[in-house]
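Peer 1: Below is a structure I'd like to ask you about.
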Amino acid sequence: MMAAVGAPEVISQLESAAKVLMAPPSMVSTEQRQHAEHIFLSFRKSKSPFAVCKHILETSKVDYVLFQAATAIMEAVVREWILLEKNSIESLRTFLLTYVLQRPNLQKYVREQILLAVAVIVKRGSLDKSIDCKSIFHEVSQLISSGNPTVQTLACSILTALLSEFSSSTKTSNIGLSMEFHGSCKRIFQEDDLRQIFMLTMEVLQEFSRRENLNAQMSCVFQRYLALANQVLSWNFLPPNLGRHYIAMFEATQNVMLKPTESWRETLLDHRVMDLFFTVHRKIREDSDMAQDSLQCLAQLASMHGPIFPDESAQVTYLAHLVEGLLNMINGIEIEDSEAVGISNIISNLISTFPRSVLTALPNELFASFINCLTLLTCSFGRSAALEEVLDKDDMVYMEAYDKLLESWLTLVQEDEHFPRGCFVQPAVQVFNSYIQCHLAAPDGTRNLTANGVASHEEEEINELQEDDRELFSDQLASIGMLGRIAADHCIPLLTGLLEDRVTRLHGQLQRHQQHLMASADPGTVDRKVLDDLYEDIHWLILVSGYLLADDPQGETPLIPSEVMEYSIKHSTEVDINTTLQLLGSPGEKATSIPGCNRTDSVIRLLSAVLRTSEVESRATRASLTELLSPQMGKDIVWFLRRWAKTYLLVDEKLYGQISIPLSTAFGADTEGAQWIVGYLLEKVINNLSVWSSEPELANDTVELLVTLVEKRERANIVVQCENWWNLAKQFASRSPPLHMLSSTVQRTLMKALVLGGFAHMDSDTKQQYWAEVLHPLQQRFLNLINQENFAQICQEEAVKQEIVATLEALCGIAEATQIDNVASLFSFLMDFLSSCIGLMEVYRNSPETVNLIIEVFVEVAHKQICYLGETKSMKLYEVCLTLLQVYSKNNLGRKRLDVAAEEDQYQDLLLIMELLTNLLSKEFIDFSDTDEVFRGQEQSSGAGRAVSAADVVLYGVNIVLPLMSQDLLKFPSLCNQYYKLITFICEIFPEKIPQLPEELFKSLMCSLELGMTSMSSEISQLCLEALSPLAEQCAKTQEKDTPLFIATRHFLKLVFDMLVLQKHNTEMTVAAGEALYTLVCLHQAEYSELVETLLSNQRDAVIYQRLADAFNSLTASSTPPTMDRKQKVAFLKSLEEFVANVGGLLCVK
Amino acid sequence: MADPDLDFTSGDAGASTTYPMQCSALRKNGFVVLKGRPCKIVEMSTSKTGKHGHAKVHMVGIDIFTNKKYEDICPSTHNMDVPNTKRNDYQVVDISEGFLSLMMDNGDVREDLRVPEGDLGKEIESKFAAGEEMLVTVLSAMGEESAVAVKPMTK
């Protein structure tokens, strides 16, 4: 080992550097600071700094220097591990530990750093058979038994350091070793050492829990060991044989469930362990910090599963003990705020971990008490959560706990067939009632009441970013809806009654307001408090009803929930169908005023209660009371109707084993009920669109309801029979008020709906007439306008511009309506417009808003249609896109704009162009055109006169985009991502086109790749690396040397080589970089050898030289000579991993 | 405004310089009159007072001539004025004392437009000094005009 030559000089140099670094910013210059940083950096990189560091630790008084010395030791040990004598490593470790023990007053950060160095040494040594680091546990247990709190704390710190060093590759110090190394260390550790740590911890906790009173210092030690126990129980046990990628993925999981290996059986199945944690919690539950740890330990124990249990009966015994302990703990105490989340975690973990068969095997009485306790707890947390909302607390602990418990209920009742029949009905009633109660205003409910019954009512500003309750509380509502189904007999009539009552009151209230307004005509005098309370009640009742009656699965046909179906069937004998239909068909009348209303189907009655709400709303708008209405309630109504219609409208009997007669009679195919309701919904939509154009969200929900009505052929067939539908179509086509006041997104979706409706079943005359009403006016108006002789002169007039913008918006909507069965006709229709649009590009070249909208039409068409297009049609689209790009390019060449728009918006056109190019490229990945002959008969002989290819268009586009993409623009994330997505796509899809690029373009493409590889986010860097292999393969294919691409790839070889071998890189990137390196090595074998030679020749140290030389040899051993062969590539990647693990750390040394 | 050259059959002579539009139908990057000035909308968001309140629109606009920022908030049912805007390309024939001489479509030359301030103005002046032929785009709204873009003449 190097003697401490010049140690005093080193120390004084480091100490003065530390002074600079610690000085306030005003006292030192940036250069001084950088210089000081540099001194420490090079100190840490110095070779064998052990003697100097020891000397520093023993003599220096500057904490920061001590810290750096500890860091230097840690880094050097790992770096020089194989060169060091084993006994000198051991003595180093002993030195560090003794050092800390002898200096109880060390600064905390210095101590932790030294212990970290110890932990790193132990870890690095754990796979090295030649060195034994186990003695550390013996030493630690001696420290613990000393009874001295300071020493015990230190012992805890050592164990904590070891634990986090071994726990995962993210927490571990960067010691330049492979994931496999970390994985193996972890596996060995968790089998033995971890359990030792756990046993030591349990001893300490046992000891403390016996003491009567703990002083502050003791309880501090107690707390640290409790936290340590929690860390052990939260250990993410690594299963055997998990590959490198999986290790990374595995370790990324949050909320680790306890899944210990079999060897832990004796330790953790010992009941005394669980009992100890219950005892500990009882002792410290009033200390909120400690209680969190003890409850978390219990929650981890509640999540235990896997090979630790020899059989199911062991699981049952364990769970029974856990549940008993839990009930004992909860019963008879008043739960502290800080306990709520912890307790709900225990319950939620045990319900989601233990199989149903184990839960049902619990003794009946125990299970019943558990369910009872869960019910009471849920209701109580729900009430406390409501209080938190009233008080607007930042930390919503009860809300979190309530969410957890409701989620657990969902898990329980979703598989309720495993449990005794009906055992969840009463609990469901209770939880449901308490939820409704918390959400209704007084006197029925407790909404907005504080604990002492005072009502609080605040009007806060709500911005558009705030989620609607139906999304914000979707998890809660889904659970409550599910519980409502379980107890349908109680819950459906309850909701109906409450909603009917509120609607009647709302109706009365609005009438009073109307009379009042007619008398005084001053809307300012209206007190909205009563109205708002009613609206809020109705809001929650509709949300719960929606979640109870139907699901909203993405992408599949939702079914009527079986519980609801059974409920309706069960009562169908008591139901009078005609009265039911009468009730449904008269939303303007009070439900209770209909004779025999109690002999109606309850499911239908709940829907009709919502229809009654809708009717009150519509009538109020007709009476010019819109200002008094709640747009939120309007949204709730159409949201409900949409969800309902997807599930119940035209109910398909084939999908159900048994069907309720009232439901099929009222809503089945070919029923008057279905026709009536479609007509009603359509009227609602039309009314909303004209009344609520000023409420963007409500208008949007409304138009989405319309889309739902027409997106399914069966429903659309009925819709197009309604006169209203035709009126809507005509009105929209004529661009007359009020529809043209809707926001552009709503207008687009409306267009989409109108087009979808056109594909419903109609006789050919009707169909022709329909298109003549919907699409032809659009075309006609457009053609009339642009073909006017003076169009060039009038094009800037506002009315003309508006007409053009409306047409372009409509075209986007039409493209959005594309489906596989209508693409043929829509494509032809849109193509006619696309050519005219190019003309508009010329006319409106000075109006960026219009230009962007035109490009957007192309983006949409390409996005929605290209995957269905056959060769000839694709070609047509490519051609027209190419022309668009040409015009765009001509108009933008050398253009300078003074644009007041916010930064990123200025480049909207660039972004859109790149999006268009990427969409065109996507055909190479997703192409349905071969399997589905959607253009049957229309497709001409393929390949004839192949004029333009996707590659031509895209490369031409890149030609335009590249020169405009400056480094500054790449700072905008959206532009940067889109740009790199595009250029790496191109390299992957058309590598053969790259060498043909014009010189300038080629150069900037290569520059972009280099830039992306070296100085962008890791995601982009990875994209660029992935683009290199196809380029290198392309070179290999042509076998031409000295082409620009060949030379460029040579440069990339050096870059990737340095990246992998010399720089600390992101381990995620090793695969992408490795693949790139391999293909590049194949292409440039001589250059690669040269790089290796140069690197080796720089090594002075013979030992290191040999290690490196060996490592490089074995790196390529399995692939000599390297060829572009998959098998060899895989072998190379494997060796590369070993290579990085072996010498990666070594090469980082200066 | 009563420029006879701009008066064609369906022309806008005497037409209003603005037209009304419901607030909710305005769009980002579109135009609106804020505090009497023609602005480009650079930010638009909605909010409401209380869960059952009606939407209000909050707009931030930048004066298209002075680049000054204006804000406004109003109920989404309100009508706002939207300026009629026009963009025309003219060839630059001369620059003197800070004014551009521009050739109109009919061959007439107008000399009443200032060289814009900032980078764009410098660009125009340096291009002109270098003898390059160029077109400037002139944006007009509510009786005001300004050059907003420049590009080389296409041969």
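Ligands are numbered from 1 in the order shown, residues from 1 within each chain, and chains are lettered A, B, ... in the order they appear in the structure tokens.
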Could you list the residues in chain B lying within 9 Å of chain A, using only C-alpha atoms, and format the result as an MDAnalysis selection string?
Peer 2: chainID B and resid 6 8:12 19 21:27 29:30 40:43 45:56 62:64 67 75:78 83:89 119:120 123 137 147:152 154
Peer 1: Near segment 139-154 of chain A, counting only C-alpha atoms, which residues have an atom at most 8 Å away, once you skip same-chain residues fewer than 4 positions from it, shown as a list of chain:residue names?
Peer 2: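 The filter keeps A:Leu101, A:Pro104, A:Ser135, A:Ile158, A:Leu200, A:Val204, A:Gln217, A:Met218, A:Val221, A:Arg224.
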Peer 1: Counting only C-alpha atoms, figure out which residue out of B:Cys39, B:Ile95, B:Met153, B:Leu100 gets nearest to Glu71 of chain B.
Peer 2: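 With only C-alpha atoms as the atom set, the closest residue is B:Cys39.
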Peer 1: I need the residues in segment 50-147 of chain B that are helix (DSSP H, G or I) according to DSSP; give them as a list of chain:residue names.
Peer 2: B:Gly118, B:Asp119, B:Leu120, B:Gly121, B:Lys122, B:Glu123, B:Ile124, B:Glu125, B:Ser126, B:Lys127, B:Phe128, B:Ala129
Peer 1: At a cut-off of 10 Å, using only C-alpha atoms, what residues contact Ser408 of chain A? Leave out same-chain residues fewer than 2 positions from it and give the result as a list of chain:residue names.
Peer 2: A:Ser344, A:Asn345, A:Ile347, A:Ser348, A:Asn349, A:Leu350, A:Ile351, A:Ser352, A:Leu374, A:Tyr402, A:Asp403, A:Lys404, A:Leu405, A:Leu406, A:Leu410, A:Thr411, A:Leu412, A:Val413, A:Gln414, A:Ser479
Peer 1: For the residues in that selection, give me N, CA, C and O atoms as a CSV table (one decimal), in the first residue's frame.
Peer 2:
chain,number,residue,atom,x,y,z
A,344,SER,N,-56.5,0.6,7.7
A,344,SER,CA,-57.1,0.2,6.4
A,344,SER,C,-56.1,-0.6,5.6
A,344,SER,O,-56.5,-1.4,4.8
A,345,ASN,N,-54.8,-0.3,5.7
A,345,ASN,CA,-53.9,-1.0,4.9
A,345,ASN,C,-53.8,-2.5,5.4
A,345,ASN,O,-53.7,-3.4,4.5
A,347,ILE,N,-56.2,-4.2,6.6
A,347,ILE,CA,-57.4,-4.9,6.1
A,347,ILE,C,-57.3,-5.1,4.6
A,347,ILE,O,-57.6,-6.2,4.1
A,348,SER,N,-56.9,-4.1,3.9
A,348,SER,CA,-56.9,-4.2,2.4
A,348,SER,C,-55.9,-5.2,2.0
A,348,SER,O,-56.1,-6.0,1.1
A,349,ASN,N,-54.7,-5.3,2.7
A,349,ASN,CA,-53.7,-6.3,2.4
A,349,ASN,C,-54.2,-7.7,2.6
A,349,ASN,O,-54.1,-8.6,1.8
A,350,LEU,N,-54.9,-7.9,3.7
A,350,LEU,CA,-55.3,-9.3,4.0
A,350,LEU,C,-56.4,-9.7,3.1
A,350,LEU,O,-56.4,-10.9,2.7
A,351,ILE,N,-57.3,-8.8,2.7
A,351,ILE,CA,-58.3,-9.2,1.8
A,351,ILE,C,-57.8,-9.5,0.4
A,351,ILE,O,-58.3,-10.4,-0.3
A,352,SER,N,-56.8,-8.7,0.0
A,352,SER,CA,-56.3,-8.9,-1.4
A,352,SER,C,-55.3,-10.0,-1.4
A,352,SER,O,-55.1,-10.6,-2.5
A,374,LEU,N,-65.5,-4.5,9.9
A,374,LEU,CA,-65.2,-3.8,8.6
A,374,LEU,C,-66.3,-2.9,8.2
A,374,LEU,O,-66.1,-1.7,7.8
A,402,TYR,N,-60.7,5.5,3.8
A,402,TYR,CA,-62.0,5.1,3.2
A,402,TYR,C,-61.9,4.5,1.8
A,402,TYR,O,-62.5,3.4,1.5
A,403,ASP,N,-61.1,5.1,1.0
A,403,ASP,CA,-60.9,4.6,-0.4
A,403,ASP,C,-60.4,3.2,-0.3
A,403,ASP,O,-60.8,2.3,-1.0
A,404,LYS,N,-59.4,2.9,0.6
A,404,LYS,CA,-58.8,1.6,0.7
A,404,LYS,C,-59.9,0.6,1.1
A,404,LYS,O,-59.9,-0.5,0.6
A,405,LEU,N,-60.7,1.0,2.1
A,405,LEU,CA,-61.7,0.0,2.6
A,405,LEU,C,-62.8,-0.3,1.5
A,405,LEU,O,-63.2,-1.4,1.3
A,406,LEU,N,-63.2,0.8,0.8
A,406,LEU,CA,-64.2,0.6,-0.3
A,406,LEU,C,-63.6,-0.4,-1.3
A,406,LEU,O,-64.3,-1.2,-1.9
A,410,LEU,N,-65.0,-4.1,-2.7
A,410,LEU,CA,-65.2,-4.4,-4.1
A,410,LEU,C,-64.5,-5.8,-4.3
A,410,LEU,O,-65.1,-6.7,-4.9
A,411,THR,N,-63.3,-6.0,-3.8
A,411,THR,CA,-62.6,-7.3,-3.9
A,411,THR,C,-63.5,-8.4,-3.3
A,411,THR,O,-63.6,-9.5,-3.9
A,412,LEU,N,-64.0,-8.1,-2.1
A,412,LEU,CA,-64.8,-9.1,-1.4
A,412,LEU,C,-66.0,-9.5,-2.2
A,412,LEU,O,-66.3,-10.7,-2.5
A,413,VAL,N,-66.8,-8.5,-2.6
A,413,VAL,CA,-68.2,-8.9,-3.1
A,413,VAL,C,-68.1,-9.3,-4.6
A,413,VAL,O,-69.0,-9.9,-5.1
A,414,GLN,N,-67.0,-9.0,-5.3
A,414,GLN,CA,-66.9,-9.4,-6.6
A,414,GLN,C,-66.9,-10.9,-6.8
A,414,GLN,O,-67.2,-11.5,-7.8
A,479,SER,N,-67.2,1.1,-6.2
A,479,SER,CA,-67.5,0.3,-5.0
A,479,SER,C,-68.9,0.4,-4.5
A,479,SER,O,-69.6,-0.6,-4.3
Peer 1: Pick out the residues sitting within 12 Å of Ile804 of chain A, and hand them over as a list of chain:residue names; count only C-alpha atoms, and ignore anything fewer than 6 positions along from it in its own chain.
Peer 2: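 What passes the distance filter is A:Arg735, A:Leu778, A:Gln779, A:Arg781, A:Phe782, A:Leu783, A:Asn784, A:Leu785, A:Ile786, A:Phe791, A:Ile794, A:Cys795, A:Gln796, A:Glu797, A:Glu798, A:Ala810, A:Leu811, A:Phe833, A:Ser836, A:Cys837, A:Leu840, A:Met841, A:Val843, A:Tyr844, A:Glu849, A:Thr850, A:Val851, A:Leu853, A:Ile854.
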Peer 1: Grab the residues selected above and save them as an mmCIF file, in the first residue's frame with N, CA, C and O atoms.
Peer 2:
data_model
loop_
_atom_site.group_PDB
_atom_site.id
_atom_site.type_symbol
_atom_site.label_atom_id
_atom_site.label_comp_id
_atom_site.auth_asym_id
_atom_site.auth_seq_id
_atom_site.Cartn_x
_atom_site.Cartn_y
_atom_site.Cartn_z
ATOM 1 N N ARG A 735 -75.218 25.689 -41.391
ATOM 2 C CA ARG A 735 -74.400 26.570 -40.535
ATOM 3 C C ARG A 735 -75.194 27.725 -39.950
ATOM 4 O O ARG A 735 -74.688 28.842 -39.867
ATOM 5 N N LEU A 778 -71.972 20.610 -47.807
ATOM 6 C CA LEU A 778 -70.616 20.972 -47.413
ATOM 7 C C LEU A 778 -69.760 21.159 -48.659
ATOM 8 O O LEU A 778 -69.081 22.174 -48.847
ATOM 9 N N GLN A 779 -69.852 20.149 -49.530
ATOM 10 C CA GLN A 779 -69.075 20.179 -50.748
ATOM 11 C C GLN A 779 -69.514 21.339 -51.647
ATOM 12 O O GLN A 779 -68.701 22.081 -52.172
ATOM 13 N N ARG A 781 -71.200 24.156 -50.962
ATOM 14 C CA ARG A 781 -70.860 25.496 -50.477
ATOM 15 C C ARG A 781 -69.396 25.779 -50.692
ATOM 16 O O ARG A 781 -68.999 26.870 -51.103
ATOM 17 N N PHE A 782 -68.607 24.779 -50.412
ATOM 18 C CA PHE A 782 -67.167 24.936 -50.515
ATOM 19 C C PHE A 782 -66.764 25.212 -51.965
ATOM 20 O O PHE A 782 -66.038 26.162 -52.265
ATOM 21 N N LEU A 783 -67.301 24.372 -52.862
ATOM 22 C CA LEU A 783 -66.935 24.539 -54.268
ATOM 23 C C LEU A 783 -67.428 25.879 -54.803
ATOM 24 O O LEU A 783 -66.703 26.586 -55.515
ATOM 25 N N ASN A 784 -68.666 26.234 -54.442
ATOM 26 C CA ASN A 784 -69.198 27.521 -54.898
ATOM 27 C C ASN A 784 -68.286 28.663 -54.482
ATOM 28 O O ASN A 784 -68.033 29.588 -55.237
ATOM 29 N N LEU A 785 -67.810 28.539 -53.253
ATOM 30 C CA LEU A 785 -66.998 29.616 -52.710
ATOM 31 C C LEU A 785 -65.659 29.708 -53.425
ATOM 32 O O LEU A 785 -65.267 30.759 -53.939
ATOM 33 N N ILE A 786 -64.950 28.595 -53.471
ATOM 34 C CA ILE A 786 -63.586 28.698 -54.003
ATOM 35 C C ILE A 786 -63.566 28.853 -55.519
ATOM 36 O O ILE A 786 -62.563 29.266 -56.081
ATOM 37 N N PHE A 791 -62.557 34.970 -55.870
ATOM 38 C CA PHE A 791 -62.210 34.345 -54.598
ATOM 39 C C PHE A 791 -60.897 34.904 -54.042
ATOM 40 O O PHE A 791 -60.764 35.181 -52.863
ATOM 41 N N ILE A 794 -61.800 38.102 -52.307
ATOM 42 C CA ILE A 794 -62.666 38.091 -51.122
ATOM 43 C C ILE A 794 -62.179 37.125 -50.041
ATOM 44 O O ILE A 794 -62.745 37.069 -48.958
ATOM 45 N N CYS A 795 -61.124 36.387 -50.343
ATOM 46 C CA CYS A 795 -60.720 35.326 -49.416
ATOM 47 C C CYS A 795 -60.380 35.838 -48.027
ATOM 48 O O CYS A 795 -60.440 35.096 -47.061
ATOM 49 N N GLN A 796 -60.022 37.097 -47.913
ATOM 50 C CA GLN A 796 -59.663 37.619 -46.596
ATOM 51 C C GLN A 796 -60.868 38.141 -45.825
ATOM 52 O O GLN A 796 -60.741 38.526 -44.668
ATOM 53 N N GLU A 797 -62.021 38.127 -46.448
ATOM 54 C CA GLU A 797 -63.189 38.622 -45.734
ATOM 55 C C GLU A 797 -63.585 37.669 -44.631
ATOM 56 O O GLU A 797 -63.490 36.450 -44.772
ATOM 57 N N GLU A 798 -64.041 38.250 -43.555
ATOM 58 C CA GLU A 798 -64.332 37.451 -42.369
ATOM 59 C C GLU A 798 -65.311 36.325 -42.661
ATOM 60 O O GLU A 798 -65.080 35.184 -42.291
ATOM 61 N N ALA A 810 -65.079 20.558 -40.297
ATOM 62 C CA ALA A 810 -65.995 19.477 -40.645
ATOM 63 C C ALA A 810 -65.229 18.319 -41.282
ATOM 64 O O ALA A 810 -65.501 17.151 -40.992
ATOM 65 N N LEU A 811 -64.236 18.635 -42.104
ATOM 66 C CA LEU A 811 -63.456 17.568 -42.741
ATOM 67 C C LEU A 811 -62.723 16.740 -41.686
ATOM 68 O O LEU A 811 -62.657 15.517 -41.780
ATOM 69 N N PHE A 833 -61.596 16.818 -51.512
ATOM 70 C CA PHE A 833 -61.321 18.048 -50.783
ATOM 71 C C PHE A 833 -59.828 18.309 -50.639
ATOM 72 O O PHE A 833 -59.384 19.447 -50.688
ATOM 73 N N SER A 836 -58.319 20.408 -53.219
ATOM 74 C CA SER A 836 -58.720 21.817 -53.108
ATOM 75 C C SER A 836 -58.038 22.492 -51.930
ATOM 76 O O SER A 836 -57.710 23.678 -51.966
ATOM 77 N N CYS A 837 -57.820 21.714 -50.878
ATOM 78 C CA CYS A 837 -57.173 22.270 -49.688
ATOM 79 C C CYS A 837 -55.781 22.784 -50.026
ATOM 80 O O CYS A 837 -55.306 23.760 -49.447
ATOM 81 N N LEU A 840 -55.968 26.093 -51.157
ATOM 82 C CA LEU A 840 -56.174 27.020 -50.044
ATOM 83 C C LEU A 840 -54.862 27.348 -49.342
ATOM 84 O O LEU A 840 -54.675 28.450 -48.837
ATOM 85 N N MET A 841 -53.962 26.379 -49.290
ATOM 86 C CA MET A 841 -52.650 26.611 -48.679
ATOM 87 C C MET A 841 -52.008 27.835 -49.325
ATOM 88 O O MET A 841 -51.362 28.643 -48.667
ATOM 89 N N VAL A 843 -53.659 30.248 -51.048
ATOM 90 C CA VAL A 843 -54.449 31.451 -50.801
ATOM 91 C C VAL A 843 -54.222 31.995 -49.391
ATOM 92 O O VAL A 843 -54.102 33.190 -49.185
ATOM 93 N N TYR A 844 -54.163 31.084 -48.418
ATOM 94 C CA TYR A 844 -54.050 31.531 -47.031
ATOM 95 C C TYR A 844 -52.632 31.382 -46.481
ATOM 96 O O TYR A 844 -52.434 31.196 -45.297
ATOM 97 N N GLU A 849 -53.061 30.349 -38.813
ATOM 98 C CA GLU A 849 -54.154 29.576 -38.210
ATOM 99 C C GLU A 849 -54.797 28.672 -39.252
ATOM 100 O O GLU A 849 -55.046 27.495 -39.010
ATOM 101 N N THR A 850 -55.030 29.259 -40.426
ATOM 102 C CA THR A 850 -55.699 28.489 -41.471
ATOM 103 C C THR A 850 -54.777 27.408 -42.028
ATOM 104 O O THR A 850 -55.192 26.276 -42.247
ATOM 105 N N VAL A 851 -53.512 27.784 -42.237
ATOM 106 C CA VAL A 851 -52.554 26.805 -42.750
ATOM 107 C C VAL A 851 -52.486 25.601 -41.808
ATOM 108 O O VAL A 851 -52.550 24.444 -42.234
ATOM 109 N N LEU A 853 -54.729 24.502 -39.787
ATOM 110 C CA LEU A 853 -55.954 23.721 -39.855
ATOM 111 C C LEU A 853 -55.965 22.838 -41.107
ATOM 112 O O LEU A 853 -56.414 21.691 -41.070
ATOM 113 N N ILE A 854 -55.444 23.386 -42.213
ATOM 114 C CA ILE A 854 -55.381 22.583 -43.441
ATOM 115 C C ILE A 854 -54.474 21.372 -43.222
ATOM 116 O O ILE A 854 -54.842 20.235 -43.542
#
Peer 1: Between atom CA of Leu970 of chain A and atom CA of Leu1011 of chain A, what is the distance in Å, rounded to a tenth?
Peer 2: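 Interatomic distance, atom CA of Leu970 of chain A to atom CA of Leu1011 of chain A: 10.3 Å.
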